[in-house]
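For reference, the structure is listed below as structure tokens.
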Amino acid sequence: MTQSFSEVLAAEVRARRTVLRLTQHDLAQLAGVSERFVRFVEQGKPSVQLDSLLALLGTLGLELQLTTRTRTAALHDRTAAAGQREQA
């Protein structure tokens with residue numbers, strides 16, 4: 001099964017923080033966000049404040065990039081989302 005964006009983001013943030021040998025507390029202080037926010041991101045919370053996320057990523061030397069999805073990927077995402085709504 002494909003990982004969600006929030007799961008991929010969580011893993012990348014956690015890995016980068018670990019490489020930089022920062023605690024969640026240290027990262028929060030440097031990024032100007034709460035330690036709770038760092039935990040939410042690293043736990044894969046699907047809804048976070050964009051400006052805080054960008055501050056966190058910038059502190060870690062990461063950036064958020066947008067790309068145009070292929071038509072096949074977009075169709076797959078719509079089909080998967082429809083299937084999830086039917087299961088709910």
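Residue numbering restarts at 1 in every chain; chains get A, B, ... in the order shown in the structure tokens, and ligands count up from 1 in that same order.
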
| request: Can you pull out every residue within 8 Å of Ala55 in chain A, counting only C-alpha atoms, but drop anything in the same chain fewer than 6 positions away, and send it as a list in words? | output: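 The residues that qualify are Ala31, Gly32 and Val33 of chain A.
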
I need the alpha helix (DSSP H) residues of range 20-58 of chain A per DSSP on the backbone, written as a PyMOL selection string. chain A and resi 24-31+35-42+50-58

Now that the selection is made, can you save its residues with C-alpha atoms as a compact mmCIF listing (two decimals), in the first residue's frame?
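Generated file (again.txt):
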# COMPACT_ATOMS: atom_id res chain seq x y z
CA GLN A 24 12.13 17.45 19.29
CA HIS A 25 12.52 20.20 21.89
CA ASP A 26 15.65 21.59 20.17
CA LEU A 27 13.96 21.58 16.79
CA ALA A 28 10.88 23.31 18.15
CA GLN A 29 13.00 26.05 19.71
CA LEU A 30 15.02 26.61 16.54
CA ALA A 31 11.94 26.65 14.28
CA GLU A 35 7.25 20.81 20.71
CA ARG A 36 3.69 19.50 20.36
CA PHE A 37 3.67 20.65 16.73
CA VAL A 38 6.92 18.77 16.04
CA ARG A 39 5.37 15.64 17.57
CA PHE A 40 2.25 16.04 15.43
CA VAL A 41 4.32 16.26 12.24
CA GLU A 42 6.49 13.29 13.21
CA LEU A 50 1.32 25.41 6.70
CA ASP A 51 3.39 28.34 7.95
CA SER A 52 4.59 26.30 10.94
CA LEU A 53 5.37 23.33 8.69
CA LEU A 54 7.42 25.53 6.37
CA ALA A 55 9.35 26.97 9.35
CA LEU A 56 10.05 23.44 10.58
CA LEU A 57 11.21 22.25 7.16
CA GLY A 58 13.36 25.33 6.64

Checklist entry - A:Ser34, A:Thr59, A:Thr70, A:Gln43: which is nearest Ala10 in chain A, counting only C-alpha atoms? => result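 For Ala10 in chain A, the nearest of the given residues is A:Gln43.
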
Closest of A:Thr23, A:Arg17, A:Thr67, A:Lys45 to Ser4 in chain A, counting only C-alpha atoms, is A:Lys45

task: Enter the distance from CA of Leu9 in chain A to CA of Arg78 in chain A, in Å, rounded to one decimal.
output: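 We find that CA of Leu9 in chain A and CA of Arg78 in chain A lie 20.8 Å from each other.
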